[in-house]
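Chemist: This is entry_22.txt (compact mmCIF, C-alpha atoms and all ligand atoms).
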```
# COMPACT_ATOMS: atom_id res chain seq x y z
CA MET N 1 84.40 -6.25 -68.04
CA PRO N 2 88.12 -6.95 -67.53
CA LYS N 3 90.54 -4.08 -68.18
CA SER N 4 93.25 -6.38 -69.55
CA SER N 5 92.51 -8.43 -72.62
CA LEU N 6 91.57 -12.11 -72.56
CA ILE N 7 92.24 -14.95 -75.00
CA ASP N 8 89.64 -17.58 -75.85
CA ALA N 9 91.95 -20.61 -75.75
CA HIS N 10 89.48 -22.92 -77.56
CA CYS N 11 86.69 -21.90 -79.92
CA HIS N 12 85.32 -23.61 -83.04
CA LEU N 13 84.78 -20.36 -84.90
CA ASP N 14 84.90 -22.22 -88.24
CA PHE N 15 81.69 -24.18 -87.50
CA ILE N 16 78.66 -23.47 -89.69
CA ASN N 17 76.87 -22.15 -86.57
CA PHE N 18 78.81 -18.91 -87.19
CA ASP N 19 78.48 -18.73 -90.99
CA THR N 20 75.70 -16.15 -91.00
CA ASP N 21 77.10 -13.69 -88.45
CA ARG N 22 80.81 -14.41 -87.91
CA ALA N 23 81.78 -10.75 -88.29
CA GLU N 24 79.30 -9.67 -85.61
CA VAL N 25 80.47 -12.48 -83.32
CA LEU N 26 84.05 -11.25 -83.71
CA GLU N 27 82.98 -7.67 -83.08
CA ARG N 28 81.19 -8.65 -79.85
CA ALA N 29 84.28 -10.58 -78.76
CA LYS N 30 86.41 -7.49 -79.35
CA GLN N 31 83.98 -5.31 -77.38
CA ASN N 32 84.32 -7.76 -74.49
CA SER N 33 88.12 -7.51 -74.42
CA ILE N 34 88.78 -10.83 -76.17
CA SER N 35 91.96 -10.08 -78.11
CA ASP N 36 92.73 -13.48 -79.67
CA ILE N 37 90.96 -16.76 -80.41
CA ILE N 38 92.52 -20.22 -80.77
CA ILE N 39 90.70 -22.35 -83.37
CA PRO N 40 91.19 -26.13 -83.05
CA GLY N 41 90.92 -28.48 -86.02
CA ILE N 42 88.59 -31.48 -85.85
CA SER N 43 88.89 -33.34 -89.16
CA VAL N 44 90.54 -33.11 -92.55
CA ASN N 45 87.37 -31.40 -93.84
CA ASN N 46 87.64 -28.28 -91.67
CA TRP N 47 91.35 -27.50 -91.98
CA GLU N 48 90.99 -25.41 -95.13
CA LYS N 49 88.28 -23.22 -93.63
CA ILE N 50 90.38 -22.64 -90.52
CA THR N 51 93.34 -21.67 -92.69
CA SER N 52 91.32 -19.13 -94.63
CA LEU N 53 89.72 -17.60 -91.50
CA CYS N 54 93.11 -17.22 -89.83
CA GLU N 55 94.67 -15.73 -92.96
CA GLN N 56 91.98 -13.03 -92.97
CA ASN N 57 92.39 -12.14 -89.29
CA LYS N 58 95.74 -12.29 -87.51
CA LYS N 59 94.01 -12.49 -84.11
CA LEU N 60 92.71 -15.95 -84.98
CA HIS N 61 95.21 -18.78 -84.55
CA PRO N 62 94.98 -22.16 -86.28
CA CYS N 63 95.49 -25.66 -84.89
CA TYR N 64 95.16 -28.78 -87.04
CA GLY N 65 94.10 -32.16 -85.79
CA LEU N 66 91.75 -35.13 -85.80
CA HIS N 67 89.10 -35.07 -83.05
CA PRO N 68 88.26 -38.36 -81.25
CA TYR N 69 84.53 -37.75 -81.70
CA TRP N 70 84.89 -38.28 -85.47
CA VAL N 71 87.45 -41.07 -85.24
CA ASN N 72 85.49 -43.36 -87.59
CA GLN N 73 85.91 -40.80 -90.37
CA HIS N 74 89.67 -40.50 -89.95
CA ASN N 75 92.23 -42.70 -91.69
CA ASP N 76 96.00 -42.99 -92.09
CA ARG N 77 96.00 -40.72 -95.13
CA ASP N 78 94.62 -37.93 -92.92
CA LEU N 79 97.61 -38.34 -90.62
CA THR N 80 99.94 -38.02 -93.60
CA LYS N 81 98.00 -34.95 -94.77
CA LEU N 82 98.31 -33.46 -91.29
CA GLU N 83 102.08 -33.86 -91.34
CA GLN N 84 102.27 -32.27 -94.79
CA LEU N 85 99.95 -29.40 -93.91
CA ILE N 86 101.84 -28.27 -90.83
CA LYS N 87 105.02 -28.08 -92.90
CA GLN N 88 103.33 -25.79 -95.42
CA ILE N 89 101.11 -23.61 -93.24
CA PRO N 90 102.19 -22.06 -89.95
CA CYS N 91 100.05 -23.38 -87.11
CA ILE N 92 100.30 -23.01 -83.36
CA ALA N 93 99.40 -26.54 -82.22
CA ILE N 94 98.28 -30.07 -83.08
CA GLY N 95 94.67 -30.77 -82.10
CA GLU N 96 92.20 -31.16 -81.04
CA CYS N 97 92.99 -34.77 -80.40
CA GLY N 98 92.44 -37.07 -77.46
CA LEU N 99 90.04 -39.57 -75.94
CA ASP N 100 86.31 -39.52 -75.33
CA TYR N 101 84.95 -42.45 -73.31
CA ARG N 102 81.31 -41.41 -73.14
CA PRO N 103 78.84 -44.15 -74.16
CA LYS N 104 78.32 -44.59 -77.93
CA GLN N 105 81.72 -43.11 -78.79
CA ALA N 106 84.07 -44.87 -81.18
CA ASP N 107 86.19 -47.86 -80.20
CA LYS N 108 88.74 -46.94 -77.53
CA LYS N 109 91.65 -48.66 -79.29
CA LYS N 110 90.93 -46.72 -82.46
CA GLN N 111 90.79 -43.45 -80.53
CA GLN N 112 94.06 -44.27 -78.78
CA TYR N 113 95.69 -45.02 -82.14
CA PHE N 114 94.87 -41.59 -83.61
CA PHE N 115 95.75 -39.84 -80.35
CA GLU N 116 99.13 -41.57 -80.22
CA ALA N 117 99.87 -40.76 -83.87
CA GLN N 118 99.12 -37.08 -83.28
CA LEU N 119 101.24 -36.97 -80.13
CA ASP N 120 104.10 -38.35 -82.27
CA ILE N 121 103.54 -35.65 -84.91
CA ALA N 122 103.46 -32.91 -82.27
CA GLU N 123 106.62 -34.17 -80.63
CA LYS N 124 108.47 -34.51 -83.93
CA ASN N 125 107.49 -31.01 -85.00
CA GLU N 126 107.95 -29.42 -81.56
CA LEU N 127 104.35 -28.21 -81.38
CA PRO N 128 102.04 -28.17 -78.35
CA VAL N 129 98.90 -30.36 -78.33
CA VAL N 130 95.28 -29.40 -77.72
CA ILE N 131 93.74 -32.32 -75.87
CA HIS N 132 90.10 -33.39 -75.60
CA SER N 133 89.58 -35.68 -72.62
CA VAL N 134 86.15 -36.81 -71.48
CA ARG N 135 85.93 -39.56 -68.85
CA ALA N 136 89.39 -40.58 -70.03
CA THR N 137 91.84 -38.48 -68.04
CA GLU N 138 93.68 -41.47 -66.57
CA ASP N 139 94.32 -42.95 -70.04
CA VAL N 140 95.31 -39.52 -71.39
CA ILE N 141 97.90 -39.24 -68.62
CA GLN N 142 99.17 -42.74 -69.45
CA GLN N 143 99.60 -41.93 -73.14
CA LEU N 144 101.31 -38.63 -72.36
CA ARG N 145 103.82 -40.44 -70.15
CA ASN N 146 105.44 -41.84 -73.32
CA HIS N 147 105.95 -38.32 -74.68
CA THR N 148 107.93 -36.52 -72.04
CA GLY N 149 109.03 -33.70 -74.34
CA LEU N 150 105.47 -32.52 -75.00
CA THR N 151 103.48 -29.59 -73.70
CA GLY N 152 99.87 -28.58 -74.35
CA MET N 153 96.47 -27.91 -72.85
CA ILE N 154 93.65 -30.11 -71.61
CA HIS N 155 90.66 -28.28 -73.01
CA SER N 156 87.41 -27.95 -71.04
CA TYR N 157 88.98 -29.81 -68.17
CA SER N 158 86.71 -32.27 -66.34
CA GLY N 159 89.12 -34.51 -64.42
CA SER N 160 89.99 -34.46 -60.73
CA TYR N 161 92.19 -32.03 -58.82
CA GLU N 162 94.84 -34.72 -58.31
CA GLN N 163 94.91 -35.55 -62.03
CA ALA N 164 95.24 -31.85 -62.84
CA LEU N 165 98.29 -31.61 -60.57
CA LYS N 166 99.83 -34.62 -62.35
CA LEU N 167 99.23 -33.02 -65.74
CA ILE N 168 100.71 -29.71 -64.62
CA GLU N 169 103.77 -31.53 -63.33
CA MET N 170 104.07 -33.11 -66.79
CA GLY N 171 104.14 -29.63 -68.35
CA PHE N 172 100.48 -29.19 -69.34
CA TYR N 173 98.00 -26.37 -68.86
CA ILE N 174 94.46 -26.86 -67.58
CA SER N 175 91.76 -24.98 -69.47
CA PHE N 176 88.38 -24.13 -67.93
CA GLY N 177 85.21 -23.34 -69.85
CA GLY N 178 81.50 -22.74 -69.25
CA ALA N 179 81.20 -25.76 -66.94
CA ILE N 180 82.71 -23.82 -64.01
CA THR N 181 79.87 -21.25 -64.18
CA TYR N 182 77.32 -23.83 -62.94
CA ASP N 183 76.80 -23.95 -59.17
CA ARG N 184 76.41 -27.72 -59.24
CA ALA N 185 79.98 -28.18 -60.56
CA ASN N 186 81.36 -28.23 -57.02
CA LYS N 187 84.39 -30.42 -57.62
CA LEU N 188 85.45 -28.64 -60.79
CA ARG N 189 85.04 -25.21 -59.16
CA ASP N 190 87.09 -26.37 -56.22
CA THR N 191 89.82 -27.50 -58.65
CA ALA N 192 89.72 -24.16 -60.47
CA SER N 193 90.08 -22.33 -57.15
CA LYS N 194 93.15 -24.30 -56.04
CA LEU N 195 95.40 -24.89 -59.07
CA PRO N 196 98.36 -22.56 -59.60
CA LEU N 197 97.25 -19.59 -61.69
CA THR N 198 100.36 -20.01 -63.86
CA SER N 199 98.84 -23.25 -65.25
CA ILE N 200 95.30 -22.06 -66.03
CA LEU N 201 93.75 -21.11 -69.38
CA ILE N 202 90.17 -20.03 -70.11
CA GLU N 203 88.00 -20.92 -73.12
CA THR N 204 84.45 -21.04 -74.43
CA ASP N 205 84.49 -24.16 -76.69
CA ALA N 206 81.88 -22.17 -78.64
CA PRO N 207 79.45 -22.91 -80.21
CA ASP N 208 79.17 -25.71 -77.60
CA GLN N 209 79.22 -25.70 -73.78
CA PRO N 210 77.44 -22.39 -73.01
CA ASP N 211 77.86 -20.90 -69.55
CA SER N 212 75.01 -20.82 -67.03
CA ALA N 213 73.83 -17.35 -68.16
CA HIS N 214 73.41 -18.58 -71.76
CA GLN N 215 72.03 -22.09 -71.25
CA ASN N 216 70.56 -23.67 -74.40
CA GLU N 217 71.90 -20.80 -76.54
CA ARG N 218 74.68 -20.89 -79.09
CA ASN N 219 77.88 -20.16 -77.20
CA GLU N 220 80.23 -17.48 -78.58
CA PRO N 221 83.64 -16.02 -77.68
CA ALA N 222 82.19 -12.85 -76.07
CA TYR N 223 80.78 -15.11 -73.33
CA LEU N 224 84.33 -15.88 -72.22
CA VAL N 225 83.74 -13.00 -69.80
CA GLU N 226 81.30 -15.23 -67.86
CA VAL N 227 83.98 -17.92 -67.45
CA PHE N 228 86.50 -15.24 -66.48
CA ASN N 229 84.17 -13.64 -63.90
CA THR N 230 83.45 -17.02 -62.33
CA LEU N 231 87.14 -17.82 -62.11
CA CYS N 232 87.70 -14.44 -60.42
CA LYS N 233 84.97 -15.19 -57.85
CA LEU N 234 86.52 -18.57 -57.10
CA ARG N 235 90.07 -17.25 -56.61
CA GLN N 236 91.94 -14.91 -54.31
CA GLU N 237 93.93 -12.95 -56.93
CA THR N 238 92.69 -9.64 -58.38
CA LYS N 239 90.76 -9.56 -61.66
CA THR N 240 93.64 -7.76 -63.32
CA ASP N 241 96.14 -10.39 -62.21
CA ILE N 242 93.89 -13.23 -63.37
CA ALA N 243 93.34 -11.61 -66.78
CA LYS N 244 97.03 -10.88 -67.23
CA GLN N 245 98.25 -14.28 -66.09
CA THR N 246 95.76 -16.41 -68.08
CA THR N 247 96.55 -14.34 -71.20
CA GLU N 248 100.28 -14.70 -70.59
CA ASN N 249 99.88 -18.48 -70.09
CA THR N 250 98.09 -18.84 -73.43
CA LYS N 251 100.69 -16.74 -75.24
CA LYS N 252 103.52 -18.72 -73.70
CA LEU N 253 102.02 -22.12 -74.51
CA PHE N 254 101.20 -21.28 -78.12
CA ASN N 255 104.16 -19.01 -78.72
CA LEU N 256 101.98 -16.02 -79.63
CA SER N 257 103.54 -12.58 -79.81
ZN ZN W 1 86.65 -28.43 -79.09
```
Spit out the file's structure as C-alpha cells when you get a sec.
Modeler:
Amino acid sequence: MPKSSLIDAHCHLDFINFDTDRAEVLERAKQNSISDIIIPGISVNNWEKITSLCEQNKKLHPCYGLHPYWVNQHNDRDLTKLEQLIKQIPCIAIGECGLDYRPKQADKKKQQYFFEAQLDIAEKNELPVVIHSVRATEDVIQQLRNHTGLTGMIHSYSGSYEQALKLIEMGFYISFGGAITYDRANKLRDTASKLPLTSILIETDAPDQPDSAHQNERNEPAYLVEVFNTLCKLRQETKTDIAKQTTENTKKLFNLS
C-alpha cells in the first residue's frame, strides 16, 4: 500500500451499482489510501445525485457533462441546463464528454456536436474537461485544436504514445486505469512507462474496467492500488514519488486544495 495518498481521477460512484454499499466502498477506499474521488457526470439525469453525494462528503468532487455513449438521449436543453447548473453549483470540470467510435455507437456528427458544445462551455467558464475517447483520439485532437485555452484529462487513455505526446503538448493530462494491469496491453504499458510523470493521472472508472486481479467483478475505488502498483512496476521513479506526483497532478488540474 502506498504511504502517500492517491486520488481516483475518474469514478462513477453515483451509479446504482454502489447504492447498496456506498459507505463500505468509501471506507475501503480510505483504508487503501485513496483520499479523494473525482465523479464525472454522464447525463442530465445523474447530475442531481452527484451533487448530493459531493455535498455529503467533501472528498468527492463533482463534474457535470453529457457522455457520448448516451448522445441520443441528450438535447440542446440539456446543454442550457449544464450552463445554468455550473453557475449555481461549484464543480471542478465539464465532463465526461467526448467521442466513442466503437461499432453501434451513436452517429459521429451528433457526438461531435455535443463534444464541441461542451468544449465551448468549458472554455467560456474556464473549467477543465474530462474527455472520453475510444477509437477516436485523432478526432479528439482535431476538435481540441480549436480550443487552445483548454486543459483537461483524457480518461482511461487508449491512444498511441505519439498521440499522448501531442495531447500533453496541448496542455492535457493522460489518465491510466485498469487496462494497464493486463499483460497483453503491451503498447499501452509502454506508453505509461515513457510519458512524463508530470502529465499522468490514475483512475479506476469504477464500476467499469476492473483491473486484472478483479476481472469480471464490480470495480471500486479501493482497486486504484492495483493500477498504481502496475504503474510503479512500469516506471523508474520510486513509489513515493509516483504517488506524490500523480496526486499533485490531479490537484493541479482540478484546482483541489
Ligand atoms: Zn467514465
Chemist: Please write out the residues within 7 Å of ligand ZN 1 (chain W) as a list of chain:residue names, counting only C-alpha atoms and all ligand atoms.
Modeler: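 Residues satisfying the distance criterion: N:His10, N:Cys11, N:His12, N:Pro40, N:Glu96, N:His132, N:Asp205.
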Chemist: Give me the residues near range 71-88 of chain N as JSON, numbers by chain, where near means some atom within 10 Å (using only C-alpha atoms) and where sequence neighbours in that chain fewer than 3 positions away do not count.
Modeler: {"N": [42, 43, 44, 45, 47, 48, 63, 64, 65, 66, 67, 68, 91, 92, 93, 94, 97, 99, 105, 106, 107, 108, 110, 111, 112, 113, 114, 115, 117, 118, 121, 122, 124, 125, 127]}
Chemist: Hey, can you check how far CA of Ala243 in chain N sits from CA of Asn32 in chain N?
Modeler: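 Computing it gives 12.5 Å between the two atoms.
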Chemist: Check the smallest atom-to-atom distance from each of N:Ser199, N:Ser160, N:Thr148, N:Asn57 to Ser133 in chain N using only C-alpha atoms, then report the winner.
Modeler: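 Nearest candidate to Ser133 in chain N out of N:Ser199, N:Ser160, N:Thr148, N:Asn57: N:Ser160.
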Chemist: Excluding Ile141 in chain N and its own-chain neighbours fewer than 2 positions away, which residues fall within 9 Å of it when counting all atoms listed in the file? Please give them as a list in words.
Modeler: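 Near neighbours after the sequence-gap exclusion: Ala136, Thr137, Glu138, Asp139, Gln143, Leu144, Arg145, Gln163, Lys166, Leu167 and Met170 of chain N.
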Chemist: Which polymer residues have any atom within 9 Å of an atom of Gln31 in chain N, counting only C-alpha atoms, with same-chain residues fewer than 4 positions away left out, as a list in words?
Modeler: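 Returned residues: Leu26, Glu27 and Ala222 of chain N.
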Chemist: Report the distance between CA of Ser175 in chain N and CA of Asp208 in chain N in Å, rounded to one decimal place.
Modeler: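 Result for CA of Ser175 in chain N versus CA of Asp208 in chain N: 15.0 Å, one decimal.
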Chemist: Might you pull out every residue within 10 Å of Phe18 in chain N, with all atoms listed in the file counted and same-chain residues fewer than 4 positions away left off, and present them as a list in words?
Modeler: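 Using all atoms listed in the file, the neighbours found are His12, Leu13, Asp14, Arg22, Ala23, Glu24, Val25, Leu26, Ala206, Pro207, Arg218 and Glu220 of chain N.
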Chemist: Could you tell me how far CA of Ala185 in chain N sits from CA of Leu201 in chain N, in Å to one decimal place?
Modeler: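 Taking CA of Leu201 in chain N and CA of Ala185 in chain N, their separation equals 17.8 Å.
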Chemist: I'd like to know which of N:Pro221, N:Gly95, N:Pro196, N:Pro210 is closest to Ile37 in chain N, using only C-alpha atoms.
Modeler: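 Closest residue, counting only C-alpha atoms: N:Pro221.
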Chemist: Find, counting only C-alpha atoms, the residue in N:Leu197, N:Leu224, N:Leu256, N:Ile168 that gets nearest to Lys59 in chain N.
Modeler: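 Distance minimum relative to Lys59 in chain N lands on N:Leu256.
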Chemist: From the set N:Glu217, N:Ile202, N:Leu165, N:Thr230, which residue has the shortest atom-to-atom contact distance to Glu248 in chain N, counting all atoms listed in the file?
Modeler: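 The answer is N:Ile202, which sits nearest to Glu248 in chain N.
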Chemist: Report as lines of an AutoDock Vina configuration file the centre and the edge lengths, in Å to one decimal, of the axis-aligned box holding every listed atom of range 72-77 of chain N, padded by 3 Å on each side.
Modeler:
```
center_x = 90.7
center_y = -41.9
center_z = -91.4
size_x = 16.5
size_y = 8.9
size_z = 13.5
```
Chemist: Please determine, counting only C-alpha atoms, which residue among N:Ala213, N:Leu53, N:Leu150, N:Ala9 has the shortest atom-to-atom distance to Gly177 in chain N.
Modeler: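 Residue with the minimum atom-to-atom distance to Gly177 in chain N: N:Ala9.
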Chemist: Applying 7 Å and all atoms listed in the file, which residues near Ile34 in chain N remain after dropping the ones on its own chain fewer than 2 positions away? List them as a list in words.
Modeler: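 Answer for this query is Ser5, Leu6, Ile7, Asp8, Ala29, Lys30, Asn32, Asp36 and Ala222 of chain N.
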Chemist: Could you tell me which of N:Ser156, N:Asn46, N:Thr204, N:Thr198 comes closest to Val225 in chain N if we count all atoms listed in the file?
Modeler: N:Thr204
